[in-house]
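What follows is the content of model.pdb (PDB, C-alpha atoms).
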```pdb
ATOM      1  CA  MET A1312      55.463  25.317 102.247  1.00  0.00           C
ATOM      2  CA  LYS A1313      56.516  27.412  99.274  1.00  0.00           C
ATOM      3  CA  LYS A1314      54.219  25.455  96.952  1.00  0.00           C
ATOM      4  CA  GLY A1315      51.393  25.967  99.426  1.00  0.00           C
ATOM      5  CA  ARG A1316      51.906  29.732  99.371  1.00  0.00           C
ATOM      6  CA  ILE A1317      51.888  29.762  95.579  1.00  0.00           C
ATOM      7  CA  ALA A1318      48.697  27.702  95.491  1.00  0.00           C
ATOM      8  CA  LEU A1319      47.115  30.020  98.072  1.00  0.00           C
ATOM      9  CA  GLY A1320      48.138  33.058  96.051  1.00  0.00           C
ATOM     10  CA  LEU A1321      46.681  31.604  92.877  1.00  0.00           C
ATOM     11  CA  GLY A1322      43.496  30.744  94.729  1.00  0.00           C
ATOM     12  CA  ILE A1323      43.111  34.309  95.977  1.00  0.00           C
ATOM     13  CA  GLY A1324      43.788  35.580  92.454  1.00  0.00           C
ATOM     14  CA  VAL A1325      41.036  33.374  91.065  1.00  0.00           C
ATOM     15  CA  LEU A1326      38.618  34.558  93.742  1.00  0.00           C
ATOM     16  CA  ILE A1327      39.426  38.205  93.002  1.00  0.00           C
ATOM     17  CA  SER A1328      38.973  37.632  89.275  1.00  0.00           C
ATOM     18  CA  ALA A1329      35.689  35.857  89.888  1.00  0.00           C
ATOM     19  CA  GLY A1330      34.561  38.714  92.091  1.00  0.00           C
ATOM     20  CA  LEU A1331      35.356  41.247  89.382  1.00  0.00           C
ATOM     21  CA  ILE A1332      33.464  39.193  86.811  1.00  0.00           C
ATOM     22  CA  ILE A1333      30.436  39.040  89.108  1.00  0.00           C
ATOM     23  CA  LEU A1334      30.746  42.779  89.782  1.00  0.00           C
ATOM     24  CA  PHE A1335      30.656  43.687  86.101  1.00  0.00           C
ATOM     25  CA  LYS A1336      27.872  41.204  85.378  1.00  0.00           C
ATOM     26  CA  ASN A1337      25.791  42.934  88.038  1.00  0.00           C
ATOM     27  CA  VAL A1338      25.950  46.246  86.160  1.00  0.00           C
ATOM     28  CA  ARG A1339      22.378  46.398  84.933  1.00  0.00           C
ATOM     29  CA  LEU A1340      21.772  48.126  81.646  1.00  0.00           C
ATOM     30  CA  SER A1341      18.482  48.883  79.956  1.00  0.00           C
ATOM     31  CA  ALA A1342      17.791  47.395  76.541  1.00  0.00           C
ATOM     32  CA  PHE A1343      18.280  50.845  75.054  1.00  0.00           C
ATOM     33  CA  LYS A1344      21.717  51.315  76.615  1.00  0.00           C
ATOM     34  CA  LYS A1345      22.781  47.833  75.546  1.00  0.00           C
ATOM     35  CA  ASN A1346      21.692  48.578  71.983  1.00  0.00           C
ATOM     36  CA  LEU A1347      23.393  51.978  71.992  1.00  0.00           C
ATOM     37  CA  ILE A1348      26.733  50.636  73.214  1.00  0.00           C
ATOM     38  CA  SER A1349      26.556  47.613  70.924  1.00  0.00           C
ATOM     39  CA  ASN A1350      25.732  49.721  67.866  1.00  0.00           C
ATOM     40  CA  ALA A1351      28.516  52.196  68.657  1.00  0.00           C
ATOM     41  CA  ASN A1352      31.051  49.383  68.973  1.00  0.00           C
ATOM     42  CA  LYS A1353      29.862  47.793  65.723  1.00  0.00           C
ATOM     43  CA  GLU A1354      30.414  51.042  63.839  1.00  0.00           C
ATOM     44  CA  TRP A1355      33.843  51.469  65.433  1.00  0.00           C
ATOM     45  CA  LYS A1356      34.881  47.973  64.343  1.00  0.00           C
ATOM     46  CA  LEU A1357      33.540  48.656  60.857  1.00  0.00           C
ATOM     47  CA  TRP A1358      35.912  51.608  60.608  1.00  0.00           C
ATOM     48  CA  GLY A1359      38.961  49.514  61.536  1.00  0.00           C
ATOM     49  CA  LYS A1360      39.051  50.227  65.290  1.00  0.00           C
ATOM     50  CA  PRO A1361      40.884  53.587  65.228  1.00  0.00           C
ATOM     51  CA  LEU A1362      42.078  54.568  68.705  1.00  0.00           C
ATOM     52  CA  ILE A1363      43.185  57.776  70.415  1.00  0.00           C
ATOM     53  CA  LEU A1364      44.958  57.648  73.783  1.00  0.00           C
ATOM     54  CA  SER A1365      46.070  60.732  75.725  1.00  0.00           C
ATOM     55  CA  GLY A1366      45.136  62.870  72.749  1.00  0.00           C
ATOM     56  CA  LYS A1367      47.457  60.952  70.402  1.00  0.00           C
ATOM     57  CA  VAL A1368      46.450  58.599  67.593  1.00  0.00           C
ATOM     58  CA  GLN A1369      47.451  55.032  68.451  1.00  0.00           C
ATOM     59  CA  GLU A1370      45.678  53.194  65.643  1.00  0.00           C
ATOM     60  CA  GLU A1371      44.628  54.610  62.279  1.00  0.00           C
ATOM     61  CA  GLY A1372      41.276  53.680  60.786  1.00  0.00           C
ATOM     62  CA  GLU A1373      39.426  54.114  57.522  1.00  0.00           C
ATOM     63  CA  PHE A1374      38.937  57.468  55.795  1.00  0.00           C
ATOM     64  CA  GLU A1375      35.566  59.207  55.462  1.00  0.00           C
ATOM     65  CA  CYS A1376      35.940  59.929  51.741  1.00  0.00           C
ATOM     66  CA  SER A1377      37.047  56.468  50.593  1.00  0.00           C
ATOM     67  CA  ASN A1378      34.566  54.481  48.475  1.00  0.00           C
ATOM     68  CA  ILE A1379      32.748  52.341  51.042  1.00  0.00           C
ATOM     69  CA  TYR A1380      33.020  54.746  53.951  1.00  0.00           C
ATOM     70  CA  ARG A1381      31.695  57.833  52.215  1.00  0.00           C
ATOM     71  CA  GLU A1382      28.542  55.775  51.627  1.00  0.00           C
ATOM     72  CA  ARG A1383      28.440  54.733  55.287  1.00  0.00           C
ATOM     73  CA  VAL A1384      28.580  58.376  56.341  1.00  0.00           C
ATOM     74  CA  GLY A1385      25.714  58.924  53.903  1.00  0.00           C
ATOM     75  CA  GLU A1386      23.741  56.375  55.928  1.00  0.00           C
ATOM     76  CA  TYR A1387      24.381  58.373  59.082  1.00  0.00           C
ATOM     77  CA  TRP A1388      23.076  61.513  57.393  1.00  0.00           C
ATOM     78  CA  ARG A1389      19.980  59.906  55.874  1.00  0.00           C
ATOM     79  CA  LYS A1390      18.915  57.690  58.751  1.00  0.00           C
ATOM     80  CA  GLY A1391      20.078  60.033  61.487  1.00  0.00           C
ATOM     81  CA  VAL A1392      18.846  63.452  60.383  1.00  0.00           C
ATOM     82  CA  ASN A1393      17.127  62.827  57.022  1.00  0.00           C
ATOM     83  CA  SER A1394      19.783  64.684  55.019  1.00  0.00           C
ATOM     84  CA  ASN A1395      21.250  63.675  51.663  1.00  0.00           C
ATOM     85  CA  GLN A1396      25.018  64.030  52.146  1.00  0.00           C
ATOM     86  CA  ASP A1397      28.002  61.695  52.285  1.00  0.00           C
ATOM     87  CA  GLY A1398      31.514  61.458  53.658  1.00  0.00           C
ATOM     88  CA  CYS A1399      32.929  63.818  51.060  1.00  0.00           C
ATOM     89  CA  SER A1400      30.665  66.743  51.925  1.00  0.00           C
ATOM     90  CA  ASN A1401      32.134  69.682  53.809  1.00  0.00           C
ATOM     91  CA  SER A1402      29.629  69.338  56.642  1.00  0.00           C
ATOM     92  CA  PRO A1403      30.787  67.830  59.960  1.00  0.00           C
ATOM     93  CA  TRP A1404      28.913  64.547  60.471  1.00  0.00           C
ATOM     94  CA  SER A1405      29.601  63.800  64.142  1.00  0.00           C
ATOM     95  CA  SER A1406      26.114  64.816  65.285  1.00  0.00           C
ATOM     96  CA  ALA A1407      24.511  62.931  62.395  1.00  0.00           C
ATOM     97  CA  PHE A1408      26.424  59.882  63.669  1.00  0.00           C
ATOM     98  CA  ILE A1409      25.087  60.310  67.215  1.00  0.00           C
ATOM     99  CA  SER A1410      21.581  60.828  65.832  1.00  0.00           C
ATOM    100  CA  PHE A1411      21.933  57.672  63.727  1.00  0.00           C
ATOM    101  CA  LEU A1412      22.922  55.620  66.779  1.00  0.00           C
ATOM    102  CA  MET A1413      20.188  57.096  68.944  1.00  0.00           C
ATOM    103  CA  ARG A1414      17.493  56.473  66.354  1.00  0.00           C
ATOM    104  CA  LYS A1415      18.722  52.953  65.549  1.00  0.00           C
ATOM    105  CA  SER A1416      18.995  52.047  69.235  1.00  0.00           C
ATOM    106  CA  GLY A1417      15.440  53.108  70.031  1.00  0.00           C
ATOM    107  CA  ALA A1418      15.575  56.619  71.539  1.00  0.00           C
ATOM    108  CA  GLY A1419      12.278  57.436  69.819  1.00  0.00           C
ATOM    109  CA  ASN A1420      10.931  60.948  70.288  1.00  0.00           C
ATOM    110  CA  GLU A1421      13.019  61.552  73.419  1.00  0.00           C
ATOM    111  CA  PHE A1422      16.049  62.640  71.396  1.00  0.00           C
ATOM    112  CA  PRO A1423      16.123  65.770  69.174  1.00  0.00           C
ATOM    113  CA  TYR A1424      17.917  64.358  66.113  1.00  0.00           C
ATOM    114  CA  SER A1425      20.073  67.075  64.615  1.00  0.00           C
ATOM    115  CA  SER A1426      23.176  67.772  62.535  1.00  0.00           C
ATOM    116  CA  ALA A1427      24.461  70.024  65.350  1.00  0.00           C
ATOM    117  CA  HIS A1428      25.245  68.694  68.832  1.00  0.00           C
ATOM    118  CA  ASN A1429      24.206  71.897  70.594  1.00  0.00           C
ATOM    119  CA  ASN A1430      20.643  71.336  69.400  1.00  0.00           C
ATOM    120  CA  TYR A1431      20.335  68.487  71.885  1.00  0.00           C
ATOM    121  CA  ILE A1432      22.915  69.600  74.476  1.00  0.00           C
ATOM    122  CA  ARG A1433      21.078  72.852  75.245  1.00  0.00           C
ATOM    123  CA  PRO A1434      17.626  71.240  75.677  1.00  0.00           C
ATOM    124  CA  PHE A1435      19.121  68.561  77.929  1.00  0.00           C
ATOM    125  CA  ILE A1436      20.814  71.254  80.046  1.00  0.00           C
ATOM    126  CA  GLN A1437      17.467  73.015  80.268  1.00  0.00           C
ATOM    127  CA  ASN A1438      15.853  69.737  81.336  1.00  0.00           C
ATOM    128  CA  ARG A1439      18.200  69.624  84.286  1.00  0.00           C
ATOM    129  CA  LYS A1440      17.961  73.318  85.202  1.00  0.00           C
ATOM    130  CA  SER A1441      14.163  73.396  85.037  1.00  0.00           C
ATOM    131  CA  GLY A1442      13.625  70.000  86.632  1.00  0.00           C
ATOM    132  CA  ILE A1443      11.840  68.730  83.537  1.00  0.00           C
ATOM    133  CA  LYS A1444      11.032  65.030  83.674  1.00  0.00           C
ATOM    134  CA  SER A1445      13.240  63.430  81.026  1.00  0.00           C
ATOM    135  CA  ASN A1446      15.517  60.429  80.521  1.00  0.00           C
ATOM    136  CA  PHE A1447      18.187  62.792  79.212  1.00  0.00           C
ATOM    137  CA  LYS A1448      19.615  65.561  81.400  1.00  0.00           C
ATOM    138  CA  ALA A1449      22.962  67.339  81.061  1.00  0.00           C
ATOM    139  CA  TYR A1450      25.146  68.200  84.061  1.00  0.00           C
ATOM    140  CA  LYS A1451      28.436  69.913  84.765  1.00  0.00           C
ATOM    141  CA  LEU A1452      31.419  67.566  84.837  1.00  0.00           C
ATOM    142  CA  GLN A1453      31.906  67.889  88.600  1.00  0.00           C
ATOM    143  CA  GLU A1454      28.259  67.003  89.253  1.00  0.00           C
ATOM    144  CA  LYS A1455      28.038  63.546  87.703  1.00  0.00           C
ATOM    145  CA  LYS A1456      30.353  60.648  86.924  1.00  0.00           C
ATOM    146  CA  PRO A1457      30.309  59.199  83.391  1.00  0.00           C
ATOM    147  CA  GLU A1458      28.567  55.838  83.163  1.00  0.00           C
ATOM    148  CA  LEU A1459      27.809  53.395  80.381  1.00  0.00           C
ATOM    149  CA  GLY A1460      25.536  54.904  77.739  1.00  0.00           C
ATOM    150  CA  ASP A1461      26.092  58.524  78.797  1.00  0.00           C
ATOM    151  CA  LEU A1462      27.394  61.191  76.444  1.00  0.00           C
ATOM    152  CA  VAL A1463      30.347  63.467  77.197  1.00  0.00           C
ATOM    153  CA  CYS A1464      30.655  66.707  75.246  1.00  0.00           C
ATOM    154  CA  TYR A1465      33.227  69.405  74.544  1.00  0.00           C
ATOM    155  CA  SER A1466      33.106  72.798  72.848  1.00  0.00           C
ATOM    156  CA  ARG A1467      34.798  73.441  69.516  1.00  0.00           C
ATOM    157  CA  GLU A1468      35.015  77.198  69.907  1.00  0.00           C
ATOM    158  CA  SER A1469      36.050  79.606  72.633  1.00  0.00           C
ATOM    159  CA  GLY A1470      33.645  81.210  75.074  1.00  0.00           C
ATOM    160  CA  VAL A1471      31.397  78.177  75.481  1.00  0.00           C
ATOM    161  CA  ASP A1472      30.448  76.641  78.819  1.00  0.00           C
ATOM    162  CA  TYR A1473      27.557  74.871  80.525  1.00  0.00           C
ATOM    163  CA  ASP A1474      25.474  78.048  80.715  1.00  0.00           C
ATOM    164  CA  THR A1475      25.870  79.151  77.082  1.00  0.00           C
ATOM    165  CA  THR A1476      22.454  79.480  75.436  1.00  0.00           C
ATOM    166  CA  ARG A1477      23.389  80.583  71.896  1.00  0.00           C
ATOM    167  CA  ASN A1478      24.225  78.221  69.050  1.00  0.00           C
ATOM    168  CA  TYR A1479      27.791  76.948  69.199  1.00  0.00           C
ATOM    169  CA  LYS A1480      30.116  74.342  67.710  1.00  0.00           C
ATOM    170  CA  SER A1481      30.547  71.245  69.852  1.00  0.00           C
ATOM    171  CA  HIS A1482      31.097  67.496  69.842  1.00  0.00           C
ATOM    172  CA  CYS A1483      29.792  64.533  71.867  1.00  0.00           C
ATOM    173  CA  ASP A1484      30.968  60.931  72.286  1.00  0.00           C
ATOM    174  CA  ILE A1485      29.146  57.933  73.759  1.00  0.00           C
ATOM    175  CA  VAL A1486      30.589  56.188  76.834  1.00  0.00           C
ATOM    176  CA  VAL A1487      31.030  52.510  75.956  1.00  0.00           C
ATOM    177  CA  ASP A1488      33.234  51.350  78.837  1.00  0.00           C
ATOM    178  CA  VAL A1489      34.117  52.477  82.368  1.00  0.00           C
ATOM    179  CA  ASN A1490      37.262  51.038  83.927  1.00  0.00           C
ATOM    180  CA  LYS A1491      37.521  52.113  87.549  1.00  0.00           C
ATOM    181  CA  ILE A1492      40.651  50.041  88.120  1.00  0.00           C
ATOM    182  CA  LYS A1493      42.598  51.747  85.324  1.00  0.00           C
ATOM    183  CA  GLY A1494      40.984  55.105  86.000  1.00  0.00           C
ATOM    184  CA  ASN A1495      39.623  55.738  82.533  1.00  0.00           C
ATOM    185  CA  ILE A1496      36.584  55.563  80.308  1.00  0.00           C
ATOM    186  CA  GLU A1497      36.263  54.626  76.650  1.00  0.00           C
ATOM    187  CA  VAL A1498      34.133  56.758  74.358  1.00  0.00           C
ATOM    188  CA  ILE A1499      33.179  56.460  70.695  1.00  0.00           C
ATOM    189  CA  GLY A1500      32.327  59.315  68.356  1.00  0.00           C
ATOM    190  CA  GLY A1501      31.988  60.065  64.676  1.00  0.00           C
ATOM    191  CA  ASN A1502      34.007  62.417  62.468  1.00  0.00           C
ATOM    192  CA  VAL A1503      36.956  62.028  64.839  1.00  0.00           C
ATOM    193  CA  ASN A1504      40.198  61.785  62.872  1.00  0.00           C
ATOM    194  CA  ASP A1505      37.979  61.442  59.755  1.00  0.00           C
ATOM    195  CA  GLY A1506      36.275  58.283  60.990  1.00  0.00           C
ATOM    196  CA  VAL A1507      34.427  56.580  63.841  1.00  0.00           C
ATOM    197  CA  THR A1508      37.034  56.577  66.587  1.00  0.00           C
ATOM    198  CA  LYS A1509      37.399  55.374  70.155  1.00  0.00           C
ATOM    199  CA  ARG A1510      39.086  57.627  72.685  1.00  0.00           C
ATOM    200  CA  ILE A1511      40.377  56.631  76.095  1.00  0.00           C
ATOM    201  CA  LEU A1512      39.827  59.462  78.592  1.00  0.00           C
ATOM    202  CA  THR A1513      41.083  59.784  82.144  1.00  0.00           C
ATOM    203  CA  VAL A1514      38.907  60.102  85.240  1.00  0.00           C
ATOM    204  CA  ASP A1515      40.015  61.070  88.746  1.00  0.00           C
ATOM    205  CA  SER A1516      40.081  58.799  91.787  1.00  0.00           C
ATOM    206  CA  LYS A1517      36.364  59.449  92.391  1.00  0.00           C
ATOM    207  CA  GLY A1518      35.389  58.716  88.798  1.00  0.00           C
ATOM    208  CA  TYR A1519      34.847  62.238  87.473  1.00  0.00           C
ATOM    209  CA  LEU A1520      36.081  63.101  83.975  1.00  0.00           C
ATOM    210  CA  ASN A1521      39.351  65.047  84.125  1.00  0.00           C
ATOM    211  CA  ASP A1522      40.715  64.709  80.586  1.00  0.00           C
ATOM    212  CA  TYR A1523      42.286  67.961  79.359  1.00  0.00           C
ATOM    213  CA  ASN A1524      42.909  67.152  75.701  1.00  0.00           C
ATOM    214  CA  ASN A1525      39.576  68.754  74.801  1.00  0.00           C
ATOM    215  CA  ASP A1526      37.376  71.399  76.387  1.00  0.00           C
ATOM    216  CA  TRP A1527      34.860  68.994  77.936  1.00  0.00           C
ATOM    217  CA  PHE A1528      32.085  70.912  79.681  1.00  0.00           C
ATOM    218  CA  THR A1529      29.042  68.681  80.122  1.00  0.00           C
ATOM    219  CA  ILE A1530      27.930  65.107  80.613  1.00  0.00           C
ATOM    220  CA  ILE A1531      24.532  63.971  79.377  1.00  0.00           C
ATOM    221  CA  LYS A1532      23.105  61.345  81.705  1.00  0.00           C
ATOM    222  CA  ASN A1533      21.195  58.634  79.880  1.00  0.00           C
ATOM    223  CA  ASN A1534      18.486  57.138  82.068  1.00  0.00           C
ATOM    224  CA  LYS A1535      16.455  55.588  79.286  1.00  0.00           C
TER     225      LYS A1535
END
```
Mind turning the file's structure into structure tokens?
Amino acid sequence: MKKGRIALGLGIGVLISAGLIILFKNVRLSAFKKNLISNANKEWKLWGKPLILSGKVQEEGEFECSNIYRERVGEYWRKGVNSNQDGCSNSPWSSAFISFLMRKSGAGNEFPYSSAHNNYIRPFIQNRKSGIKSNFKAYKLQEKKPELGDLVCYSRESGVDYDTTRNYKSHCDIVVDVNKIKGNIEVIGGNVNDGVTKRILTVDSKGYLNDYNNDWFTIIKNNK
């Protein structure tokens, strides 16, 4: 009888696992989203898979000013925003990194490639407020749940929120994984801890971003 219970338990476990596999396989992604997530993960692996969990560095990666990686940052600048800089310049390159990924993944003329995140955040917020037809619209955190291929953004100066219309310092990461069971999402961004870094952020029981290690204020929904 005991062996039967064990076998039954294992059988149920297999069925649950199979169900989860089917569930995740049924998450349909566009070719653009697949490319975007794949390209982000490739860059993260190239940088040694640096990881931040709960705001603390868990794994160190490569450094932006070392020989090979300063040249890689130069690629982000040139191919992302057509600028001739490298990893040893004093200019933050996180938006150039996002622009590089967007351009490489096939965003075309739907994304305003820029060296400053607010130059695409603000237009995408306006898209949402004005009801402009677009594959990219930005919402408040409590309005939308982060999904694969979306961007989550935080301010890097005080006095900035969803309704700010002036230029401001900010940062965005790309959502590359959503784990509803663990209650977190994984995001990848550039110029984080001097490299391309993955962060694990918490979400609440309904799936809304509730990480407090940065001043997150908007989520850009990617429907391309």
Would you translate the PyMOL selection byres ((chain A and resi 1476) around 12) into the concrete set of residues it matches in this file, as a VMD selection string? chain A and resid 1429 to 1437 1470 to 1475 1477 to 1479
Where does the PyMOL selection byres ((chain A and resi 1380-1387) around 6) land in this file, that is, which residues does it pick, as a count of residues only? 15
Spatial neighbours of Ile1363 in chain A, max dist 8 Å, all atoms listed in the file, sep filter under 6 positions, as JSON, numbers by chain: {"A": [1369, 1370, 1508, 1509, 1510, 1511]}
Restrict the selected residues to C-alpha atoms and save them as a PDB file, in the coordinates of the input.
```
ATOM      1  CA  GLN A1369      47.451  55.032  68.451  1.00  0.00           C
ATOM      2  CA  GLU A1370      45.678  53.194  65.643  1.00  0.00           C
ATOM      3  CA  THR A1508      37.034  56.577  66.587  1.00  0.00           C
ATOM      4  CA  LYS A1509      37.399  55.374  70.155  1.00  0.00           C
ATOM      5  CA  ARG A1510      39.086  57.627  72.685  1.00  0.00           C
ATOM      6  CA  ILE A1511      40.377  56.631  76.095  1.00  0.00           C
TER       7      ILE A1511
END
```
Which of these residues is nearest to Tyr1450 in chain A, using only C-alpha atoms: A:Ser1402, A:Thr1513, A:Asn1395, A:Thr1529?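 Ranked by minimum distance to Tyr1450 in chain A, first place goes to A:Thr1529.
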Pull the neighbourhood of (20.8, 50.5, 75.3) for me: all residues within 12 Å in file coordinates, counting all atoms listed in the file, as an NGL selection string. :A and (1339-1351 or 1412-1418 or 1459-1461 or 1485-1487 or 1533-1535)
Here's the selection I'm unsure about, the PyMOL selection byres ((chain A and resi 1468) around 10); applied to the file above, which residues does it give, as JSON, numbers by chain? {"A": [1465, 1466, 1467, 1469, 1470, 1471, 1479, 1480, 1481, 1526]}
Those same residues, written as a PDB file, in the frame of the given file with C-alpha atoms?
```pdb
ATOM      1  CA  TYR A1465      33.227  69.405  74.544  1.00  0.00           C
ATOM      2  CA  SER A1466      33.106  72.798  72.848  1.00  0.00           C
ATOM      3  CA  ARG A1467      34.798  73.441  69.516  1.00  0.00           C
ATOM      4  CA  SER A1469      36.050  79.606  72.633  1.00  0.00           C
ATOM      5  CA  GLY A1470      33.645  81.210  75.074  1.00  0.00           C
ATOM      6  CA  VAL A1471      31.397  78.177  75.481  1.00  0.00           C
ATOM      7  CA  TYR A1479      27.791  76.948  69.199  1.00  0.00           C
ATOM      8  CA  LYS A1480      30.116  74.342  67.710  1.00  0.00           C
ATOM      9  CA  SER A1481      30.547  71.245  69.852  1.00  0.00           C
ATOM     10  CA  ASP A1526      37.376  71.399  76.387  1.00  0.00           C
TER      11      ASP A1526
END
```
When you look at Asn1490 in chain A with a cut-off of 10 Å (counting only C-alpha atoms), what residues show up, excluding the ones that are within fewer than 3 positions of it in the same chain? I need them as a VMD selection string. chain A and resid 1458 1493 to 1497 1513 to 1514 1518
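Between CA of Lys1360 in chain A and CA of Lys1517 in chain A the interatomic distance comes to 28.8 Å.
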Proximity to Val1503 in chain A - best of A:Val1463, A:Val1489, A:Leu1357, A:Cys1483, all atoms listed in the file: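 Nearest candidate to Val1503 in chain A out of A:Val1463, A:Val1489, A:Leu1357, A:Cys1483: A:Cys1483.
In terms of minimum interatomic distance to Lys1456 in chain A, A:Lys1491 ranks closest within A:Leu1362, A:Asn1504, A:Ile1409, A:Lys1491, counting all atoms listed in the file.
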Nearest candidate to Leu1462 in chain A (options A:Ser1394, A:Ser1445, A:Ser1426, A:Ser1406; using only C-alpha atoms): A:Ser1406
Can you pull range 1341-1399 of chain A out of that block with C-alpha atoms and hand it back as a PDB file, in the first residue's frame?
```pdb
ATOM      1  CA  SER A1341       5.872  37.204 -31.642  1.00  0.00           C
ATOM      2  CA  ALA A1342       9.064  36.791 -33.640  1.00  0.00           C
ATOM      3  CA  PHE A1343      10.131  40.225 -32.449  1.00  0.00           C
ATOM      4  CA  LYS A1344       9.692  39.371 -28.769  1.00  0.00           C
ATOM      5  CA  LYS A1345      11.520  36.077 -29.219  1.00  0.00           C
ATOM      6  CA  ASN A1346      14.411  37.892 -30.886  1.00  0.00           C
ATOM      7  CA  LEU A1347      14.467  40.605 -28.224  1.00  0.00           C
ATOM      8  CA  ILE A1348      14.569  38.163 -25.313  1.00  0.00           C
ATOM      9  CA  SER A1349      17.084  35.916 -27.056  1.00  0.00           C
ATOM     10  CA  ASN A1350      19.395  38.816 -27.905  1.00  0.00           C
ATOM     11  CA  ALA A1351      19.190  40.190 -24.359  1.00  0.00           C
ATOM     12  CA  ASN A1352      20.092  36.802 -22.896  1.00  0.00           C
ATOM     13  CA  LYS A1353      22.986  36.390 -25.338  1.00  0.00           C
ATOM     14  CA  GLU A1354      24.473  39.711 -24.258  1.00  0.00           C
ATOM     15  CA  TRP A1355      24.007  38.811 -20.591  1.00  0.00           C
ATOM     16  CA  LYS A1356      25.847  35.516 -21.075  1.00  0.00           C
ATOM     17  CA  LEU A1357      28.595  37.324 -22.971  1.00  0.00           C
ATOM     18  CA  TRP A1358      29.169  39.495 -19.912  1.00  0.00           C
ATOM     19  CA  GLY A1359      29.559  36.497 -17.589  1.00  0.00           C
ATOM     20  CA  LYS A1360      25.967  36.271 -16.302  1.00  0.00           C
ATOM     21  CA  PRO A1361      26.137  38.928 -13.552  1.00  0.00           C
ATOM     22  CA  LEU A1362      23.117  38.716 -11.246  1.00  0.00           C
ATOM     23  CA  ILE A1363      21.416  41.018  -8.746  1.00  0.00           C
ATOM     24  CA  LEU A1364      18.838  39.639  -6.307  1.00  0.00           C
ATOM     25  CA  SER A1365      16.937  41.769  -3.783  1.00  0.00           C
ATOM     26  CA  GLY A1366      19.133  44.709  -4.699  1.00  0.00           C
ATOM     27  CA  LYS A1367      22.339  42.829  -3.827  1.00  0.00           C
ATOM     28  CA  VAL A1368      24.983  41.553  -6.239  1.00  0.00           C
ATOM     29  CA  GLN A1369      24.995  37.751  -6.277  1.00  0.00           C
ATOM     30  CA  GLU A1370      27.324  37.164  -9.216  1.00  0.00           C
ATOM     31  CA  GLU A1371      29.947  39.550 -10.576  1.00  0.00           C
ATOM     32  CA  GLY A1372      30.415  39.935 -14.313  1.00  0.00           C
ATOM     33  CA  GLU A1373      32.828  41.597 -16.695  1.00  0.00           C
ATOM     34  CA  PHE A1374      33.823  45.263 -16.487  1.00  0.00           C
ATOM     35  CA  GLU A1375      32.822  47.880 -19.066  1.00  0.00           C
ATOM     36  CA  CYS A1376      36.330  49.313 -19.452  1.00  0.00           C
ATOM     37  CA  SER A1377      38.242  46.045 -19.877  1.00  0.00           C
ATOM     38  CA  ASN A1378      39.720  45.350 -23.331  1.00  0.00           C
ATOM     39  CA  ILE A1379      37.034  43.251 -25.020  1.00  0.00           C
ATOM     40  CA  TYR A1380      34.056  44.752 -23.233  1.00  0.00           C
ATOM     41  CA  ARG A1381      34.832  48.397 -23.874  1.00  0.00           C
ATOM     42  CA  GLU A1382      34.670  47.465 -27.565  1.00  0.00           C
ATOM     43  CA  ARG A1383      31.351  45.673 -27.054  1.00  0.00           C
ATOM     44  CA  VAL A1384      29.897  48.794 -25.460  1.00  0.00           C
ATOM     45  CA  GLY A1385      31.197  50.648 -28.515  1.00  0.00           C
ATOM     46  CA  GLU A1386      29.029  48.333 -30.619  1.00  0.00           C
ATOM     47  CA  TYR A1387      25.994  49.297 -28.568  1.00  0.00           C
ATOM     48  CA  TRP A1388      26.724  52.975 -29.160  1.00  0.00           C
ATOM     49  CA  ARG A1389      27.391  52.665 -32.893  1.00  0.00           C
ATOM     50  CA  LYS A1390      24.666  50.218 -33.843  1.00  0.00           C
ATOM     51  CA  GLY A1391      22.140  51.459 -31.311  1.00  0.00           C
ATOM     52  CA  VAL A1392      22.306  55.243 -31.596  1.00  0.00           C
ATOM     53  CA  ASN A1393      25.000  55.903 -34.231  1.00  0.00           C
ATOM     54  CA  SER A1394      27.462  57.380 -31.727  1.00  0.00           C
ATOM     55  CA  ASN A1395      31.216  56.816 -31.592  1.00  0.00           C
ATOM     56  CA  GLN A1396      31.910  56.014 -27.927  1.00  0.00           C
ATOM     57  CA  ASP A1397      33.053  52.991 -25.945  1.00  0.00           C
ATOM     58  CA  GLY A1398      32.913  51.498 -22.476  1.00  0.00           C
ATOM     59  CA  CYS A1399      35.468  53.921 -21.089  1.00  0.00           C
TER      60      CYS A1399
END
```
